[in-house]
Amino acid sequence: MIIDVSTAGSSAPVVRRALFRQILRSPLAVVASVVLAIVVIVAILQPWIMPFSPQQVTLRLTNAPPFTSEYILGGDKFGRDIVSRLIAGTRGAVVAAIILTSVALAIGVTFGLIAGYFGKIFDTISSWIFAVLIAAPGIIILIALYTLIDVSTPLAMATLGVLSSPGIFYLVRTLIMSVRNQLYFD
């Protein structure tokens, strides 16, 4: 079988589009990007945009309904502003998401690259370890961790990042193994 290398792949040139253009083509991606941008902006501007202190108690506004008092979304059972408490929680949520994602990506991509490229014994051992991580019950591990070590959000997010890394590991490993076996011409 003879393959003509001079004409291979010349029928349709590959056009790489910018990520921004791809996001704009999907309405769901646009909405998700806008919501994510709003959450990040609120987390950054948190001290300046909170109308009240999240711990400030006003007894006359206890269980206040939304849009009827000075509290926009009403008051909770202790008389605290719900909007201020939501805004105060955004920074912690964004930091927790960044920690979880960073740990999962660092572990999954690193070990996936190594296992996919070198294969053999390292692939076997790392695949077995990540299979055990998939089977591990995350909530029980977090409860056990909380009993051994004091409650810590960064530590809990790092633990969840480790428990979330097998999906990324298997994805990267599979991609690297498929690319490694392809023929390339110089």
# chains A, B, ... in the order shown; residues from 1 in each chain; ligands from 1
$ select_by_dssp --residues "region 31-165 of chain A" --states "alpha helix (DSSP H)" --output "JSON, numbers by chain"
{"A": [31, 32, 33, 34, 35, 36, 37, 38, 39, 40, 41, 42, 43, 44, 46, 47, 48, 49, 82, 83, 84, 85, 86, 87, 88, 89, 90, 91, 92, 93, 94, 95, 96, 97, 98, 99, 100, 101, 102, 103, 104, 105, 106, 107, 108, 109, 110, 111, 112, 113, 114, 115, 116, 117, 118, 120, 121, 122, 123, 124, 125, 126, 127, 128, 129, 130, 131, 132, 133, 134, 135, 138, 139, 140, 141, 142, 143, 144, 145, 146, 147, 148, 153, 154, 155, 156, 157, 158, 159, 160, 161, 162, 163, 164, 165]}
$ closest_residue --among "A:Val39, A:Phe67, A:Pro51, A:Ser178" --to "Ala97 (chain A)" --atoms "only C-alpha atoms"
A:Val39
$ closest_atom_pairs --of "region 5-119 of chain A" --to "region 126-131 of chain A" --cutoff "12 Å" --atoms "only C-alpha atoms" --output "Markdown table"
| residue | atom | partner | partner_atom | distance |
| --- | --- | --- | --- | --- |
| A:Ala104 | CA | A:Phe130 | CA | 11.9 |
| A:Ile107 | CA | A:Phe130 | CA | 10.4 |
| A:Gly108 | CA | A:Phe130 | CA | 9.2 |
| A:Thr110 | CA | A:Ser126 | CA | 11.1 |
| A:Phe111 | CA | A:Ser126 | CA | 7.4 |
| A:Gly112 | CA | A:Ser126 | CA | 8.6 |
| A:Leu113 | CA | A:Ser126 | CA | 11.1 |
| A:Ile114 | CA | A:Ser126 | CA | 9.4 |
| A:Ala115 | CA | A:Ser126 | CA | 7.0 |
| A:Gly116 | CA | A:Ser127 | CA | 10.2 |
| A:Phe118 | CA | A:Ser126 | CA | 11.5 |
| A:Gly119 | CA | A:Ser126 | CA | 9.7 |
$ write_last_selection --atoms "all heavy atoms" --output "mmCIF file, in the first residue's frame"
data_model
loop_
_atom_site.group_PDB
_atom_site.id
_atom_site.type_symbol
_atom_site.label_atom_id
_atom_site.label_comp_id
_atom_site.auth_asym_id
_atom_site.auth_seq_id
_atom_site.Cartn_x
_atom_site.Cartn_y
_atom_site.Cartn_z
ATOM 1 N N ALA A 104 -6.376 19.140 41.798
ATOM 2 C CA ALA A 104 -6.819 18.071 40.899
ATOM 3 C C ALA A 104 -6.075 18.124 39.570
ATOM 4 O O ALA A 104 -5.649 17.087 39.048
ATOM 5 C CB ALA A 104 -8.330 18.167 40.672
ATOM 6 N N ILE A 107 -2.171 17.125 40.063
ATOM 7 C CA ILE A 107 -1.954 15.686 40.246
ATOM 8 C C ILE A 107 -2.371 14.906 38.997
ATOM 9 O O ILE A 107 -1.620 14.058 38.494
ATOM 10 C CB ILE A 107 -2.724 15.186 41.480
ATOM 11 C CG1 ILE A 107 -2.116 15.793 42.741
ATOM 12 C CG2 ILE A 107 -2.715 13.664 41.561
ATOM 13 C CD1 ILE A 107 -2.901 15.523 44.000
ATOM 14 N N GLY A 108 -3.562 15.183 38.481
ATOM 15 C CA GLY A 108 -4.079 14.428 37.343
ATOM 16 C C GLY A 108 -3.255 14.596 36.081
ATOM 17 O O GLY A 108 -2.934 13.623 35.403
ATOM 18 N N THR A 110 -0.067 15.754 35.778
ATOM 19 C CA THR A 110 1.316 15.289 35.959
ATOM 20 C C THR A 110 1.413 13.767 35.843
ATOM 21 O O THR A 110 2.193 13.233 35.052
ATOM 22 C CB THR A 110 1.865 15.751 37.321
ATOM 23 O OG1 THR A 110 1.775 17.164 37.400
ATOM 24 C CG2 THR A 110 3.297 15.304 37.502
ATOM 25 N N PHE A 111 0.622 13.073 36.635
ATOM 26 C CA PHE A 111 0.703 11.613 36.612
ATOM 27 C C PHE A 111 0.128 11.039 35.327
ATOM 28 O O PHE A 111 0.584 9.986 34.854
ATOM 29 C CB PHE A 111 0.016 11.025 37.850
ATOM 30 C CG PHE A 111 0.826 11.191 39.095
ATOM 31 C CD1 PHE A 111 0.571 12.227 39.973
ATOM 32 C CD2 PHE A 111 1.866 10.322 39.372
ATOM 33 C CE1 PHE A 111 1.321 12.387 41.122
ATOM 34 C CE2 PHE A 111 2.625 10.466 40.515
ATOM 35 C CZ PHE A 111 2.352 11.506 41.394
ATOM 36 N N GLY A 112 -0.871 11.704 34.735
ATOM 37 C CA GLY A 112 -1.406 11.244 33.458
ATOM 38 C C GLY A 112 -0.390 11.347 32.335
ATOM 39 O O GLY A 112 -0.295 10.458 31.484
ATOM 40 N N LEU A 113 0.365 12.445 32.311
ATOM 41 C CA LEU A 113 1.419 12.601 31.302
ATOM 42 C C LEU A 113 2.491 11.529 31.448
ATOM 43 O O LEU A 113 2.907 10.906 30.476
ATOM 44 C CB LEU A 113 2.054 13.987 31.410
ATOM 45 C CG LEU A 113 1.270 15.160 30.840
ATOM 46 C CD1 LEU A 113 1.925 16.471 31.225
ATOM 47 C CD2 LEU A 113 1.167 15.040 29.342
ATOM 48 N N ILE A 114 2.945 11.327 32.670
ATOM 49 C CA ILE A 114 4.012 10.356 32.908
ATOM 50 C C ILE A 114 3.539 8.937 32.590
ATOM 51 O O ILE A 114 4.229 8.167 31.904
ATOM 52 C CB ILE A 114 4.536 10.458 34.352
ATOM 53 C CG1 ILE A 114 5.189 11.829 34.575
ATOM 54 C CG2 ILE A 114 5.519 9.342 34.667
ATOM 55 C CD1 ILE A 114 5.521 12.136 36.020
ATOM 56 N N ALA A 115 2.339 8.582 33.060
ATOM 57 C CA ALA A 115 1.828 7.228 32.826
ATOM 58 C C ALA A 115 1.535 6.993 31.349
ATOM 59 O O ALA A 115 1.802 5.904 30.829
ATOM 60 C CB ALA A 115 0.559 7.001 33.649
ATOM 61 N N GLY A 116 1.015 7.981 30.663
ATOM 62 C CA GLY A 116 0.708 7.821 29.249
ATOM 63 C C GLY A 116 1.940 7.753 28.379
ATOM 64 O O GLY A 116 1.977 7.027 27.389
ATOM 65 N N PHE A 118 5.349 7.045 29.418
ATOM 66 C CA PHE A 118 6.288 5.960 29.715
ATOM 67 C C PHE A 118 5.616 4.593 29.762
ATOM 68 O O PHE A 118 6.216 3.595 29.397
ATOM 69 C CB PHE A 118 7.025 6.230 31.027
ATOM 70 C CG PHE A 118 7.959 7.392 30.942
ATOM 71 C CD1 PHE A 118 7.706 8.557 31.642
ATOM 72 C CD2 PHE A 118 9.091 7.335 30.151
ATOM 73 C CE1 PHE A 118 8.565 9.641 31.558
ATOM 74 C CE2 PHE A 118 9.948 8.402 30.055
ATOM 75 C CZ PHE A 118 9.684 9.570 30.765
ATOM 76 N N GLY A 119 4.357 4.547 30.229
ATOM 77 C CA GLY A 119 3.627 3.283 30.250
ATOM 78 C C GLY A 119 4.261 2.255 31.164
ATOM 79 O O GLY A 119 4.863 2.564 32.184
#
$ residues_around --residues "Val94 (chain A)" --least-positions-apart "6" --cutoff "12 Å" --atoms "only C-alpha atoms" --output "list in words"
Leu36, Ala37, Ile38, Val39, Val40, Ile41, Val42, Ala43, Ile44, Gln46, Ile87, Ala88, Leu100, Thr101, Thr153, Pro154 and Met157 of chain A
$ closest_residue --among "A:Phe52, A:Tyr117, A:Phe20, A:Tyr146" --to "Val179 (chain A)" --atoms "only C-alpha atoms"
A:Tyr117
$ residues_around --residues "Ser152 (chain A)" --least-positions-apart "5" --cutoff "12 Å" --atoms "only C-alpha atoms" --output "ChimeraX atom specification"
/A:92,96,142-143,145-147,157-159
$ closest_residue --among "A:Val95, A:Val132, A:Val172, A:Ala106" --to "Leu155 (chain A)" --atoms "only C-alpha atoms"
A:Val95
$ decode --residues "region 65-150 of chain A" --atoms "C-alpha atoms" --output "short mmCIF file (atom, residue, chain, number, x, y, z; two decimals), in the first residue's frame"
data_model
loop_
_atom_site.label_atom_id
_atom_site.label_comp_id
_atom_site.auth_asym_id
_atom_site.auth_seq_id
_atom_site.Cartn_x
_atom_site.Cartn_y
_atom_site.Cartn_z
CA PRO A 65 -39.46 39.23 53.66
CA PRO A 66 -37.58 40.20 50.51
CA PHE A 67 -38.07 43.65 48.93
CA THR A 68 -40.09 45.02 51.86
CA SER A 69 -37.45 46.55 54.09
CA GLU A 70 -33.96 47.96 53.89
CA TYR A 71 -32.65 44.41 53.38
CA ILE A 72 -33.02 43.65 49.65
CA LEU A 73 -33.41 39.86 50.02
CA GLY A 74 -34.80 40.10 53.53
CA GLY A 75 -33.39 39.07 56.87
CA ASP A 76 -32.60 35.68 58.35
CA LYS A 77 -33.87 34.32 61.68
CA PHE A 78 -31.26 36.36 63.54
CA GLY A 79 -31.99 39.64 61.74
CA ARG A 80 -28.91 39.64 59.50
CA ASP A 81 -28.93 40.85 55.88
CA ILE A 82 -29.04 37.92 53.45
CA VAL A 83 -27.39 39.86 50.58
CA SER A 84 -24.44 40.80 52.77
CA ARG A 85 -24.04 37.21 53.91
CA LEU A 86 -24.15 35.95 50.30
CA ILE A 87 -21.54 38.49 49.24
CA ALA A 88 -19.36 37.61 52.24
CA GLY A 89 -19.41 33.94 51.24
CA THR A 90 -18.25 34.45 47.66
CA ARG A 91 -14.56 34.95 48.45
CA GLY A 92 -14.33 31.72 50.41
CA ALA A 93 -16.18 29.81 47.69
CA VAL A 94 -13.90 31.15 44.94
CA VAL A 95 -10.73 30.36 46.93
CA ALA A 96 -12.03 26.86 47.71
CA ALA A 97 -12.80 26.23 44.03
CA ILE A 98 -9.34 27.45 42.99
CA ILE A 99 -7.62 25.18 45.54
CA LEU A 100 -9.67 22.12 44.54
CA THR A 101 -9.17 22.67 40.81
CA SER A 102 -5.45 23.43 41.12
CA VAL A 103 -4.72 20.32 43.18
CA ALA A 104 -6.82 18.07 40.90
CA LEU A 105 -5.18 19.44 37.75
CA ALA A 106 -1.64 19.32 39.17
CA ILE A 107 -1.95 15.69 40.25
CA GLY A 108 -4.08 14.43 37.34
CA VAL A 109 -2.13 16.08 34.53
CA THR A 110 1.32 15.29 35.96
CA PHE A 111 0.70 11.61 36.61
CA GLY A 112 -1.41 11.24 33.46
CA LEU A 113 1.42 12.60 31.30
CA ILE A 114 4.01 10.36 32.91
CA ALA A 115 1.83 7.23 32.83
CA GLY A 116 0.71 7.82 29.25
CA TYR A 117 4.17 8.54 27.91
CA PHE A 118 6.29 5.96 29.71
CA GLY A 119 3.63 3.28 30.25
CA LYS A 120 4.65 -0.17 31.51
CA ILE A 121 5.20 -0.46 35.25
CA PHE A 122 4.55 3.20 36.10
CA ASP A 123 1.27 3.10 34.17
CA THR A 124 0.19 -0.07 35.96
CA ILE A 125 1.01 1.24 39.44
CA SER A 126 -0.45 4.71 38.91
CA SER A 127 -3.61 3.30 37.29
CA TRP A 128 -4.08 1.04 40.30
CA ILE A 129 -3.59 3.97 42.73
CA PHE A 130 -6.07 6.16 40.86
CA ALA A 131 -8.58 3.29 40.69
CA VAL A 132 -8.37 3.08 44.49
CA LEU A 133 -8.94 6.86 44.70
CA ILE A 134 -12.05 6.54 42.55
CA ALA A 135 -13.41 3.81 44.82
CA ALA A 136 -12.63 5.76 48.01
CA PRO A 137 -15.69 7.38 49.63
CA GLY A 138 -14.82 11.08 49.71
CA ILE A 139 -17.23 12.15 52.45
CA ILE A 140 -16.03 9.46 54.84
CA ILE A 141 -12.42 10.45 54.19
CA LEU A 142 -13.27 14.10 54.94
CA ILE A 143 -15.08 13.16 58.16
CA ALA A 144 -12.10 11.05 59.26
CA LEU A 145 -9.75 13.91 58.36
CA TYR A 146 -11.82 16.35 60.43
CA THR A 147 -11.60 14.07 63.47
CA LEU A 148 -7.82 13.78 63.15
CA ILE A 149 -7.05 17.38 62.20
CA ASP A 150 -8.90 20.59 63.02
#
